[in-house]
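Visitor: Sharing a structure below in structure tokens format, with a few things to ask.
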Amino acid sequence: MTIIHEDVVCAFCGCLCDDLKVEVEDNKITKVNNACAIGRNKLMHAQTDCTALKVNGREAAWGEALAEAAKILVKAKSPLVYGLSSTTSEAVREAVALTELIKGTVDNPSSY
Amino acid sequence: MRHLKRYSALAKGLYTPEGRKDRKVVVIDVRPSPTSKNADIFLQVTPGADFEIVHVLRLLIAGKRLEGLEEESLVGGVAFRQWQELAELMKACRYGVVMFGIGLTQSRGKDLNAEELNSLIIELNAFTRFYAVAMRGHGNVNGSNQVLAWQTGYPLAVNFQRGYPRFNPGEFSVVDMLRRKEADAALIIATDPSAHLPQSAVNYLKSIPTIYLEPHENATTTWANVVIPVAPAGIGAGGTFYRMDNIPLQLKKLVDFAVPSDLEALQGIKEEVLRLKRGEAAC
Amino acid sequence: MLKIINGQVYDPKNGINGVSKDLYIDGGRFVQPVQEAGETIDAGGCIIMPGGVDIHSHIAGAKVNSARIMCPEDHYDHFRAAADCTRSGVGHTIPTTFLTGYEYAGLGYTTVFEAAVPPLEARHAHEELEDTPLVDTGIYTLMGNNTMIMKALQEKDAAKRRETLRSLVSWLLASSKGYAIKVVNPGGVESWKWSAGTVDLDTPVQPFGISSRQILTALAETNEDLKLPHALHLHTNHLGDPGNVRTTLETMKTLTGHRVHFTHLQFHSYGITPKGGLKSAAPEIAEFMNAHPEFTCDAGQIVFGPVTTMTADSPMQFHLHETTGNKWGSFDVEMETGSGIVPLRYRPSVLFNASQWCIGLELLLLIKNPWQIVLTTDHPNAGPFTAYPQIIRLLMDADYRNSVIETLHPKVGHYTHLKDLKREYTLEEIAIITRSGPAKALGLSNKGHLGPGADGDLVIYQPHKDKEKMFASPVYVIKDGRIIVRDGIARQSFGGKRLVALPYGLKDLADGSLSQELAQDFADYYSISLRNFAVQYDYLPRMEVISCG
């Protein structure tokens, strides 16, 4: 089954071109129109090279990873939360809430 | 890459129906580029002279006499006469916009260059309408500035050690914190530190427990202590991004991923943290 | 079930004026007395009022957030640490979203409207309001310099023009999930974008040659055609200019018979001295208001100290930057509007500021019907909302007021009338100008009163001779039947409702659409796709739609 998404917003750069046309066949992106070369490339390869969940170099379960992450953050005296340049503002809101909770520091790539 | 077509040089508007023909495009850069080839005027400047150039433009706009500068004297590697012409062009245009990027903000002078440019823009408004737009790189780096500002009051470099937000770039900024080895753990979300930070900062990160939320394999996923795969925003997860000029757009999920979104992963970590800190959440 | 017993109740809408009365809240709303057991608060010796309603404030969205970024110096000395149930925050005149919610709630306010949102940036305002706890909120949608509206006004056929505006305004409101039509310096912002001069009511504005008067009369008519719950919310031309009373009165005459809310009227009630200085024209404005019950207004009272001015009135902000030399931010919102930001400080020793301060209080004291004027500081333009208790004291205590006048620039008496005014507000009148009146002006039948069916929002105050102390620190604030504040401090943090108007004629908020011609304009001239314009329901998880008509 092919689904055609119109007026898709490209998440790659700060231009946020919002006129892309993306074809999805059986949950796989098969065609991207209107995007620049980088944007198209980003979309076409979004579903490959995905990371695996790992704790200390070995594959792990979701719950274990969350518990380990929480343990690290709670134990730290000065945890740093950083990045947030390619995620949603909803996620950033949550990241700031978490930083407040662990009394950490939060920063993004606009500081350097 | 579609900036020229959609937003700047080529865009057609209500008052610029002919698009490119209705406007003058000036490119100032240290080297020729595809953009400079299509410019009406290209001023190839020497690196590191940004502050000086903008300052000279400010003085020209203000109508000050510049002692000792002849028409052919070089300012930033370009004849003073050309800066005089540019100043006149800027004052005389109906509506001007300066788009500036990290070439200005991350070279010698950094924030002082941006400050000087802002002053130039403000002063030009005595003559005509003029604006400046920062060219933001990553898709939602502006959104993270926006959210930080509404939740903490500050757009970056925020510290919560005292329970409330404090702001001090240079102290609470990532590169400085890592250089001084002041962080003892890191949670990195949707950014590849190995590709962006100085090598010394990355080396220090490798020495502290690091949690990494990232959709794709990259240099950092090979060494982070905890790697949590997430669905890429705008492809496998929906949500809001802020364009470089502050226009917010909602991104939709296009395909299903077997893994959660950044938001869900962060919620999961927060719940675990709450559990460790005080049992179940109280409110 | 929550019972509040033995309190002295002020509920002006229901004609209750300081009578001892028990109140019952169940399921988040006031209900008839019941026998059922439940939590009881004994409010013996205390005063009870409905939750406060702020009809005009700037608390969320692009310009507020740009101001936060521009002015970190506003934040350093004003902070609140995170606690068990509440988030941290900073900021004095431009507090962060969480702190905004806590501070409003701490003063007994449970409903606040963000007064100026461009449709293109509405999503941002709604995102911030999601992070503004403890208050029900809504936004006013900016339309007074919208290019599509000005284009539609070119139509010569009156009936066709009216119909086009109906559908265009419905669509703008529904897309932005707005509550009211907001007009700021009609035509003046667009004119400034052309580097053209300021506009009077009949100045033709490029590119379509439409005037402020045409925009105003058409939108006032459209507001009524759409049976919107609130009046046309209007910031008139020439804000802050000595002599602007001429424009304000002319605007009032033009709009006579229409439902209009004149916002921050203090800034628009300026006479002019022969030398071009400022003098009060509050008496003329108050006289007009007193003769026109169809109009409401809010004060925009000056508060001495630091403020952050921010408005869609970009030419006014540029002028303020030029006259003060203070830092300035300005934004051009494509086809819709502009905006500007300038931080400044009002000083009692500066004659202009002292006169402004007197003019606001004169309006509050000279407009006879308290249902026609609302207490505001146009937060954070004339002052921060946290100064409301201080203003209440100025209104209730003439001796205190006169003692403050003594500290002003010595010549202020030559240009203002405040020292001659003896009126002191009663508690009932305060209840009207801070909750019942604004709720009525907004058409919110569930707000501003304590009758059965109303939202379960109330405030319990400990009476005090110093009314500032009394209103600054309520003993209890209750929202939707939940205790959110004890002794002036917010102890909870949950999201309020988002109030959205459904224009008459639309089935639902997704029902509106642009005409084919305007949709083509949108495609040609907006920088985003039409499909990505309307604010999605995801941004309003607790939406309350107020139907019109």
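Labels for the structure tokens follow display order: chains A, B, ..., residues from 1 in each chain, ligands from 1.
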Using only C-alpha atoms, which residues of chain A come within 7 Å of chain B, and what is the closest atom pair for each, with the distance in Å to one decimal? Give it as CSV, sorted by chain and residue number.

Guide:
residue,atom,partner,partner_atom,distance
A:Val9,CA,B:Leu251,CA,5.8
A:Ala11,CA,B:Gly139,CA,5.0
A:Phe12,CA,B:Gly139,CA,4.9
A:Cys13,CA,B:Gly139,CA,3.9
A:Gly14,CA,B:Gly139,CA,4.4
A:Cys15,CA,B:Arg243,CA,5.9
A:Leu16,CA,B:Arg243,CA,5.7
A:Asn27,CA,B:Val255,CA,5.3
A:Lys28,CA,B:Val255,CA,6.8
A:Cys36,CA,B:Met1,CA,6.1
A:Asp49,CA,B:His216,CA,5.5
A:Cys50,CA,B:His216,CA,4.4
A:Thr51,CA,B:His216,CA,4.9
A:Ala52,CA,B:Pro229,CA,6.0
A:Leu53,CA,B:Ile228,CA,5.1
A:Lys54,CA,B:Val227,CA,5.0
A:Val55,CA,B:Val226,CA,4.5
A:Asn56,CA,B:Asn225,CA,4.6
A:Gly57,CA,B:Asn225,CA,6.8
A:Ala65,CA,B:Val226,CA,6.5
A:Leu66,CA,B:Ile269,CA,5.3
A:Ala67,CA,B:Glu272,CA,6.1
A:Ala69,CA,B:Ile211,CA,6.3
A:Ala70,CA,B:Val273,CA,5.0
A:Ile72,CA,B:Pro209,CA,6.8
A:Leu73,CA,B:Ala185,CA,6.7
A:Val74,CA,B:Val273,CA,6.5
A:Ala76,CA,B:Asp184,CA,5.8
A:Lys77,CA,B:Asp184,CA,6.6
A:Ser78,CA,B:Ala183,CA,5.0
A:Pro79,CA,B:Ala185,CA,4.7
A:Leu80,CA,B:Ala186,CA,4.6
A:Val81,CA,B:Leu187,CA,4.7
A:Tyr82,CA,B:Ile188,CA,4.9
A:Gly83,CA,B:Thr191,CA,4.8
A:Leu84,CA,B:Ile189,CA,5.3
A:Ser85,CA,B:Val141,CA,4.0
A:Ser86,CA,B:Asn140,CA,5.1
A:Thr87,CA,B:Ala233,CA,5.6
A:Thr88,CA,B:Thr240,CA,5.1
A:Ser89,CA,B:Thr240,CA,5.4
A:Glu90,CA,B:Gly239,CA,6.4
A:Ala91,CA,B:Leu263,CA,4.2
A:Val92,CA,B:Ser144,CA,6.1
A:Arg93,CA,B:Val147,CA,6.3
A:Glu94,CA,B:Leu266,CA,6.4
A:Ala95,CA,B:Leu266,CA,6.5
A:Leu98,CA,B:Lys270,CA,5.8
A:Glu100,CA,B:Phe160,CA,5.6
A:Lys103,CA,B:Phe160,CA,4.6
A:Gly104,CA,B:Phe160,CA,5.4
A:Thr105,CA,B:Asn159,CA,4.2
A:Val106,CA,B:Val158,CA,5.3
A:Asp107,CA,B:Ala157,CA,4.7
A:Asn108,CA,B:Leu156,CA,6.2
A:Ser111,CA,B:Ser173,CA,5.9
A:Tyr112,CA,B:Val175,CA,7.0

Visitor: List as a ChimeraX atom specification the protein and nucleic acid residues near Ala115 in chain C, meaning an atom at most 7 Å away when only C-alpha atoms are counted, but skip any in the same chain fewer than 2 places from it.

Guide: /C:56-58,113,117,139-140

Visitor: Just want the 6 Å neighbourhood of range 115-130 of chain B, counted on only C-alpha atoms, with same-chain residues fewer than 5 positions away dropped. Output as an MDAnalysis selection string.

Guide: (chainID B and resid 58 91 95:97) or (chainID C and resid 195)

Visitor: Convert the current residue selection to file output with C-alpha atoms, as a CSV table (one decimal), in the first residue's frame.

Guide:
chain,number,residue,atom,x,y,z
B,58,ARG,CA,28.0,51.8,10.9
B,91,LYS,CA,20.2,53.2,3.2
B,95,TYR,CA,13.4,46.9,2.7
B,96,GLY,CA,16.6,45.1,3.5
B,97,VAL,CA,17.5,41.9,5.3
C,195,SER,CA,8.7,53.4,6.0

Visitor: At a cut-off of 7 Å, list the chain A residues touching chain C, using only C-alpha atoms, as a PyMOL selection string.

Guide: chain A and resi 7+18-19

Visitor: What are the closest atom pairs, with distances in Å to one decimal, for each residue of chain C lying within 7 Å of chain B, using only C-alpha atoms, rows by chain and rising residue number, as CSV?

Guide:
residue,atom,partner,partner_atom,distance
C:Asn65,CA,B:Trp150,CA,6.0
C:Arg68,CA,B:Gly153,CA,5.7
C:Ile69,CA,B:Tyr154,CA,5.9
C:Pro72,CA,B:Tyr154,CA,6.8
C:His75,CA,B:Gly153,CA,6.9
C:Phe79,CA,B:Tyr164,CA,6.6
C:Arg80,CA,B:Tyr164,CA,6.2
C:Ala81,CA,B:Tyr164,CA,4.5
C:Ala82,CA,B:Gly163,CA,5.5
C:Cys85,CA,B:Cys283,CA,5.7
C:Ser88,CA,B:Tyr164,CA,5.2
C:Gly89,CA,B:Thr152,CA,5.8
C:Val90,CA,B:Gly153,CA,6.1
C:Gly91,CA,B:Gly153,CA,6.9
C:Thr96,CA,B:Trp150,CA,5.1
C:Thr97,CA,B:Trp150,CA,5.7
C:Phe98,CA,B:Gln151,CA,6.9
C:Leu120,CA,B:Ile247,CA,6.9
C:Glu121,CA,B:Ile247,CA,6.0
C:Arg123,CA,B:Pro248,CA,6.3
C:His124,CA,B:Pro248,CA,6.1
C:Glu128,CA,B:Trp150,CA,6.9
C:Lys193,CA,B:Arg129,CA,6.4
C:Ser195,CA,B:Thr128,CA,5.8
C:Asp524,CA,B:Gly13,CA,7.0
C:Tyr525,CA,B:Gly13,CA,5.4
C:Asn532,CA,B:Leu249,CA,6.9

Visitor: With N, CA and C atoms retained, could you export that selection as a compact mmCIF listing (two decimals), in the first residue's frame?

Guide:
# COMPACT_ATOMS: atom_id res chain seq x y z
N ASN C 65 8.60 35.71 24.40
CA ASN C 65 9.80 34.87 24.54
C ASN C 65 11.04 35.58 23.99
N ARG C 68 12.15 37.72 26.72
CA ARG C 68 12.89 36.98 27.76
C ARG C 68 14.35 36.82 27.35
N ILE C 69 14.55 36.49 26.06
CA ILE C 69 15.92 36.28 25.58
C ILE C 69 16.68 37.60 25.55
N PRO C 72 17.91 39.25 29.83
CA PRO C 72 18.23 38.37 30.97
C PRO C 72 18.34 39.15 32.28
N HIS C 75 15.74 38.84 34.88
CA HIS C 75 15.49 37.57 35.56
C HIS C 75 16.35 37.32 36.81
N PHE C 79 13.54 34.87 41.25
CA PHE C 79 13.53 33.44 40.94
C PHE C 79 12.71 32.68 41.96
N ARG C 80 12.31 31.50 41.57
CA ARG C 80 11.61 30.60 42.46
C ARG C 80 12.19 29.22 42.20
N ALA C 81 12.62 28.55 43.25
CA ALA C 81 13.22 27.22 43.10
C ALA C 81 12.13 26.18 42.88
N ALA C 82 12.52 25.08 42.27
CA ALA C 82 11.59 23.97 42.10
C ALA C 82 11.23 23.41 43.47
N CYS C 85 5.92 19.88 44.05
CA CYS C 85 4.91 19.80 43.00
C CYS C 85 5.00 20.92 41.99
N SER C 88 10.56 25.34 38.71
CA SER C 88 11.28 26.57 39.00
C SER C 88 10.95 27.62 37.95
N GLY C 89 11.40 28.85 38.21
CA GLY C 89 11.21 29.90 37.22
C GLY C 89 11.96 31.15 37.61
N VAL C 90 12.07 32.05 36.66
CA VAL C 90 12.73 33.33 36.90
C VAL C 90 11.94 34.43 36.18
N GLY C 91 12.23 35.68 36.55
CA GLY C 91 11.72 36.80 35.78
C GLY C 91 10.83 37.71 36.60
N THR C 96 9.05 33.43 33.40
CA THR C 96 8.92 32.21 32.62
C THR C 96 7.48 31.69 32.76
N THR C 97 7.14 30.74 31.91
CA THR C 97 5.73 30.31 31.86
C THR C 97 5.24 29.75 33.19
N PHE C 98 6.01 28.85 33.81
CA PHE C 98 5.54 28.26 35.07
C PHE C 98 5.36 29.35 36.13
N LEU C 120 0.14 33.27 12.36
CA LEU C 120 1.28 32.46 11.93
C LEU C 120 2.11 31.95 13.11
N GLU C 121 2.03 32.66 14.23
CA GLU C 121 2.81 32.28 15.41
C GLU C 121 1.93 31.78 16.55
N ARG C 123 0.75 28.87 17.11
CA ARG C 123 1.19 27.58 17.64
C ARG C 123 2.16 27.79 18.80
N HIS C 124 3.04 28.77 18.64
CA HIS C 124 4.01 29.07 19.69
C HIS C 124 3.30 29.52 20.97
N GLU C 128 3.38 27.63 24.71
CA GLU C 128 3.76 28.24 25.99
C GLU C 128 2.61 28.18 27.00
N LYS C 193 5.98 49.43 7.87
CA LYS C 193 6.78 48.50 7.08
C LYS C 193 7.17 49.10 5.74
N SER C 195 7.99 52.19 5.55
CA SER C 195 8.70 53.40 5.97
C SER C 195 7.86 54.65 5.73
N ASP C 524 0.87 32.02 -2.77
CA ASP C 524 1.88 32.88 -3.40
C ASP C 524 2.73 33.65 -2.40
N TYR C 525 2.12 34.07 -1.30
CA TYR C 525 2.81 35.06 -0.46
C TYR C 525 3.18 34.61 0.94
N ASN C 532 -0.27 23.57 6.57
CA ASN C 532 0.48 23.60 7.83
C ASN C 532 0.16 24.82 8.69

Visitor: So that I can see what lies close to Glu85 in chain B, please list as a VMD selection string the residues with an atom at most 12 Å from it, counting only C-alpha atoms and leaving out residues fewer than 6 positions away in the same chain.

Guide: chain B and resid 26 41 43 57 60 to 61 71 78 to 79 91 to 92

Visitor: Those residues with C-alpha atoms, as a compact mmCIF listing (two decimals), in the first residue's frame please?

Guide:
# COMPACT_ATOMS: atom_id res chain seq x y z
CA VAL B 26 25.04 41.26 -1.96
CA ILE B 41 27.70 42.27 -5.75
CA LEU B 43 32.67 41.32 -1.71
CA LEU B 57 29.49 50.38 7.71
CA LEU B 60 29.29 55.38 7.10
CA ILE B 61 25.57 55.00 7.80
CA GLU B 71 38.68 55.42 -1.79
CA VAL B 78 37.90 45.31 -0.02
CA ALA B 79 38.26 48.90 -1.24
CA LYS B 91 20.21 53.22 3.23
CA ALA B 92 18.40 53.64 -0.08

Visitor: Do you have the CA of Asp26 in chain C-CA of Leu2 in chain C distance handy?

Guide: 6.5 Å

Visitor: Please list as a list in words every residue within 8 Å of Gly496 in chain C, counting only C-alpha atoms and excluding residues in the same chain fewer than 5 positions away.

Guide: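 So the residues in contact are Thr132, Pro133, Leu134, Val135, Asp136, Thr137 and Arg542 of chain C.
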
Visitor: Those same residues, written as a short mmCIF file (atom, residue, chain, number, x, y, z; two decimals), in the first residue's frame with N, CA and C atoms?

Guide:
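After the write, again.cif holds the following:
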data_model
loop_
_atom_site.label_atom_id
_atom_site.label_comp_id
_atom_site.auth_asym_id
_atom_site.auth_seq_id
_atom_site.Cartn_x
_atom_site.Cartn_y
_atom_site.Cartn_z
N THR C 132 1.93 26.98 31.09
CA THR C 132 1.54 28.04 32.03
C THR C 132 0.45 27.47 32.94
N PRO C 133 0.83 26.98 34.12
CA PRO C 133 -0.13 26.21 34.93
C PRO C 133 -1.10 27.08 35.71
N LEU C 134 -2.14 26.45 36.19
CA LEU C 134 -3.09 26.98 37.18
C LEU C 134 -4.04 28.07 36.67
N VAL C 135 -3.89 28.49 35.44
CA VAL C 135 -4.82 29.48 34.91
C VAL C 135 -5.45 28.97 33.61
N ASP C 136 -6.73 29.29 33.44
CA ASP C 136 -7.38 29.07 32.15
C ASP C 136 -6.93 30.21 31.25
N THR C 137 -6.69 29.90 29.98
CA THR C 137 -6.10 30.91 29.11
C THR C 137 -6.79 30.93 27.75
N ARG C 542 -6.77 20.54 26.61
CA ARG C 542 -7.91 20.83 27.50
C ARG C 542 -8.65 22.04 26.98
#

Visitor: So that I can check the surroundings of Gly188 in chain C, please list as number ranges by chain every protein, DNA and RNA residue that reaches within 8 Å of it, counting only C-alpha atoms and ignoring chain neighbours fewer than 2 positions away.

Guide: C: 145, 185-186, 190-192, 198-199, 205, 212, 237, 313, 315

Visitor: Excluding range 429-446 of chain C and residues on its chain fewer than 3 positions from it, collect all residues at most 6 Å away from it, counting only C-alpha atoms, and give them as a VMD selection string.

Guide: chain C and resid 52 to 53 55 229 to 230 370 to 371 374 to 375 425 to 426 454 to 455

Visitor: Could you please take those selected residues and save N, CA and C atoms as a compact mmCIF listing (two decimals), in the first residue's frame?

Guide:
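Below is the file result.txt, written as the result:
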# COMPACT_ATOMS: atom_id res chain seq x y z
N GLY C 52 -9.90 35.70 39.88
CA GLY C 52 -9.67 36.88 39.05
C GLY C 52 -9.59 36.55 37.57
N VAL C 53 -9.94 37.53 36.74
CA VAL C 53 -9.92 37.36 35.28
C VAL C 53 -9.11 38.51 34.68
N ILE C 55 -8.12 40.40 31.49
CA ILE C 55 -8.65 40.55 30.13
C ILE C 55 -7.57 40.94 29.13
N PRO C 229 -17.99 36.06 21.53
CA PRO C 229 -18.33 36.32 22.94
C PRO C 229 -17.76 37.63 23.46
N HIS C 230 -16.60 38.04 22.94
CA HIS C 230 -15.98 39.28 23.38
C HIS C 230 -16.19 40.36 22.31
N PRO C 370 -18.37 50.52 37.12
CA PRO C 370 -17.20 49.64 37.20
C PRO C 370 -17.28 48.46 36.23
N TRP C 371 -18.47 48.14 35.73
CA TRP C 371 -18.60 47.05 34.74
C TRP C 371 -17.99 47.44 33.40
N VAL C 374 -11.79 47.63 33.38
CA VAL C 374 -11.12 46.47 33.98
C VAL C 374 -9.75 46.91 34.46
N LEU C 375 -9.34 46.37 35.61
CA LEU C 375 -8.00 46.66 36.10
C LEU C 375 -6.98 45.85 35.29
N TYR C 425 -12.77 53.13 45.94
CA TYR C 425 -13.48 51.93 45.53
C TYR C 425 -13.93 51.13 46.75
N THR C 426 -15.08 50.49 46.63
CA THR C 426 -15.53 49.53 47.64
C THR C 426 -15.02 48.15 47.25
N ALA C 454 -21.07 27.79 37.75
CA ALA C 454 -19.84 28.53 37.45
C ALA C 454 -18.62 27.65 37.74
N ASP C 455 -17.51 27.94 37.07
CA ASP C 455 -16.26 27.24 37.34
C ASP C 455 -15.90 27.39 38.81

Visitor: Mind giving me the straight-line distance from CA of Val245 in chain C to CA of Ser269 in chain C in Å, one decimal?

Guide: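 Pair CA of Val245 in chain C / CA of Ser269 in chain C returns 5.0 Å.
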
Visitor: Range 106-237 of chain B: which residues are strand (DSSP E) by DSSP, as JSON, numbers by chain?

Guide: {"B": [129, 130, 131, 132, 133, 134, 158, 159, 166, 167, 185, 186, 187, 188, 189, 210, 211, 212, 213, 226, 227, 228]}

Visitor: Could those selected residues go to a file with C-alpha atoms, as a PDB file, in the first residue's frame?

Guide:
ATOM      1  CA  ARG B 129      13.175  48.995   7.148  1.00  0.00           C
ATOM      2  CA  PHE B 130      16.000  46.552   7.790  1.00  0.00           C
ATOM      3  CA  TYR B 131      16.061  43.192   9.530  1.00  0.00           C
ATOM      4  CA  ALA B 132      18.617  40.507  10.345  1.00  0.00           C
ATOM      5  CA  VAL B 133      17.987  36.783  10.387  1.00  0.00           C
ATOM      6  CA  ALA B 134      20.414  34.322  11.975  1.00  0.00           C
ATOM      7  CA  VAL B 158      21.365  27.072  32.003  1.00  0.00           C
ATOM      8  CA  ASN B 159      22.327  25.551  35.332  1.00  0.00           C
ATOM      9  CA  ARG B 166      20.975  30.414  36.299  1.00  0.00           C
ATOM     10  CA  PHE B 167      22.548  31.540  33.048  1.00  0.00           C
ATOM     11  CA  ALA B 185      27.908  12.586  33.550  1.00  0.00           C
ATOM     12  CA  ALA B 186      26.210  13.523  30.291  1.00  0.00           C
ATOM     13  CA  LEU B 187      22.875  12.964  28.613  1.00  0.00           C
ATOM     14  CA  ILE B 188      23.054  13.814  24.930  1.00  0.00           C
ATOM     15  CA  ILE B 189      19.955  14.101  22.797  1.00  0.00           C
ATOM     16  CA  THR B 210      27.369   9.209  28.877  1.00  0.00           C
ATOM     17  CA  ILE B 211      23.815   8.446  27.826  1.00  0.00           C
ATOM     18  CA  TYR B 212      22.978   9.000  24.198  1.00  0.00           C
ATOM     19  CA  LEU B 213      19.553   9.242  22.538  1.00  0.00           C
ATOM     20  CA  VAL B 226      24.022   3.879  27.343  1.00  0.00           C
ATOM     21  CA  VAL B 227      22.746   4.142  23.764  1.00  0.00           C
ATOM     22  CA  ILE B 228      18.981   4.509  23.448  1.00  0.00           C
TER      23      ILE B 228
END

Visitor: What separation in Å, quoted to one decimal, exists between CA of Val260 in chain C and CA of Leu234 in chain C?

Guide: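 One can read the CA of Val260 in chain C to CA of Leu234 in chain C distance as 7.0 Å.
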
Visitor: Write down as a PDB file with C-alpha atoms, in the first residue's frame the residues of chain A whose backbone DSSP state falls under alpha helix (DSSP H).

Guide:
ATOM      1  CA  ALA A  37      19.658  16.907  -2.007  1.00  0.00           C
ATOM      2  CA  ILE A  38      20.490  16.799   1.695  1.00  0.00           C
ATOM      3  CA  GLY A  39      16.879  16.711   2.809  1.00  0.00           C
ATOM      4  CA  ARG A  40      16.018  13.954   0.362  1.00  0.00           C
ATOM      5  CA  ASN A  41      19.045  11.940   1.383  1.00  0.00           C
ATOM      6  CA  LYS A  42      18.133  12.322   5.036  1.00  0.00           C
ATOM      7  CA  LEU A  43      14.614  11.050   4.445  1.00  0.00           C
ATOM      8  CA  MET A  44      15.581   8.241   2.085  1.00  0.00           C
ATOM      9  CA  TRP A  62      14.561  -0.968  27.275  1.00  0.00           C
ATOM     10  CA  GLY A  63      13.861  -1.053  31.018  1.00  0.00           C
ATOM     11  CA  GLU A  64      17.466  -1.826  31.811  1.00  0.00           C
ATOM     12  CA  ALA A  65      18.687   1.097  29.712  1.00  0.00           C
ATOM     13  CA  LEU A  66      16.279   3.515  31.375  1.00  0.00           C
ATOM     14  CA  ALA A  67      17.273   2.280  34.837  1.00  0.00           C
ATOM     15  CA  GLU A  68      20.964   2.584  34.036  1.00  0.00           C
ATOM     16  CA  ALA A  69      20.468   6.082  32.581  1.00  0.00           C
ATOM     17  CA  ALA A  70      18.547   7.191  35.663  1.00  0.00           C
ATOM     18  CA  LYS A  71      21.187   5.697  37.955  1.00  0.00           C
ATOM     19  CA  ILE A  72      23.953   7.606  36.168  1.00  0.00           C
ATOM     20  CA  LEU A  73      22.048  10.883  36.297  1.00  0.00           C
ATOM     21  CA  VAL A  74      20.996  10.617  39.926  1.00  0.00           C
ATOM     22  CA  LYS A  75      24.496   9.646  41.044  1.00  0.00           C
ATOM     23  CA  SER A  89      10.106  21.124  21.320  1.00  0.00           C
ATOM     24  CA  GLU A  90       7.944  18.616  23.189  1.00  0.00           C
ATOM     25  CA  ALA A  91      11.087  16.557  23.864  1.00  0.00           C
ATOM     26  CA  VAL A  92      13.046  19.685  24.814  1.00  0.00           C
ATOM     27  CA  ARG A  93      10.355  20.560  27.355  1.00  0.00           C
ATOM     28  CA  GLU A  94      10.838  17.135  28.907  1.00  0.00           C
ATOM     29  CA  ALA A  95      14.635  17.441  28.794  1.00  0.00           C
ATOM     30  CA  VAL A  96      14.504  20.730  30.713  1.00  0.00           C
ATOM     31  CA  ALA A  97      12.155  19.192  33.297  1.00  0.00           C
ATOM     32  CA  LEU A  98      14.614  16.318  33.727  1.00  0.00           C
ATOM     33  CA  THR A  99      17.588  18.682  34.044  1.00  0.00           C
ATOM     34  CA  GLU A 100      15.774  20.612  36.759  1.00  0.00           C
ATOM     35  CA  LEU A 101      15.059  17.370  38.583  1.00  0.00           C
TER      36      LEU A 101
END
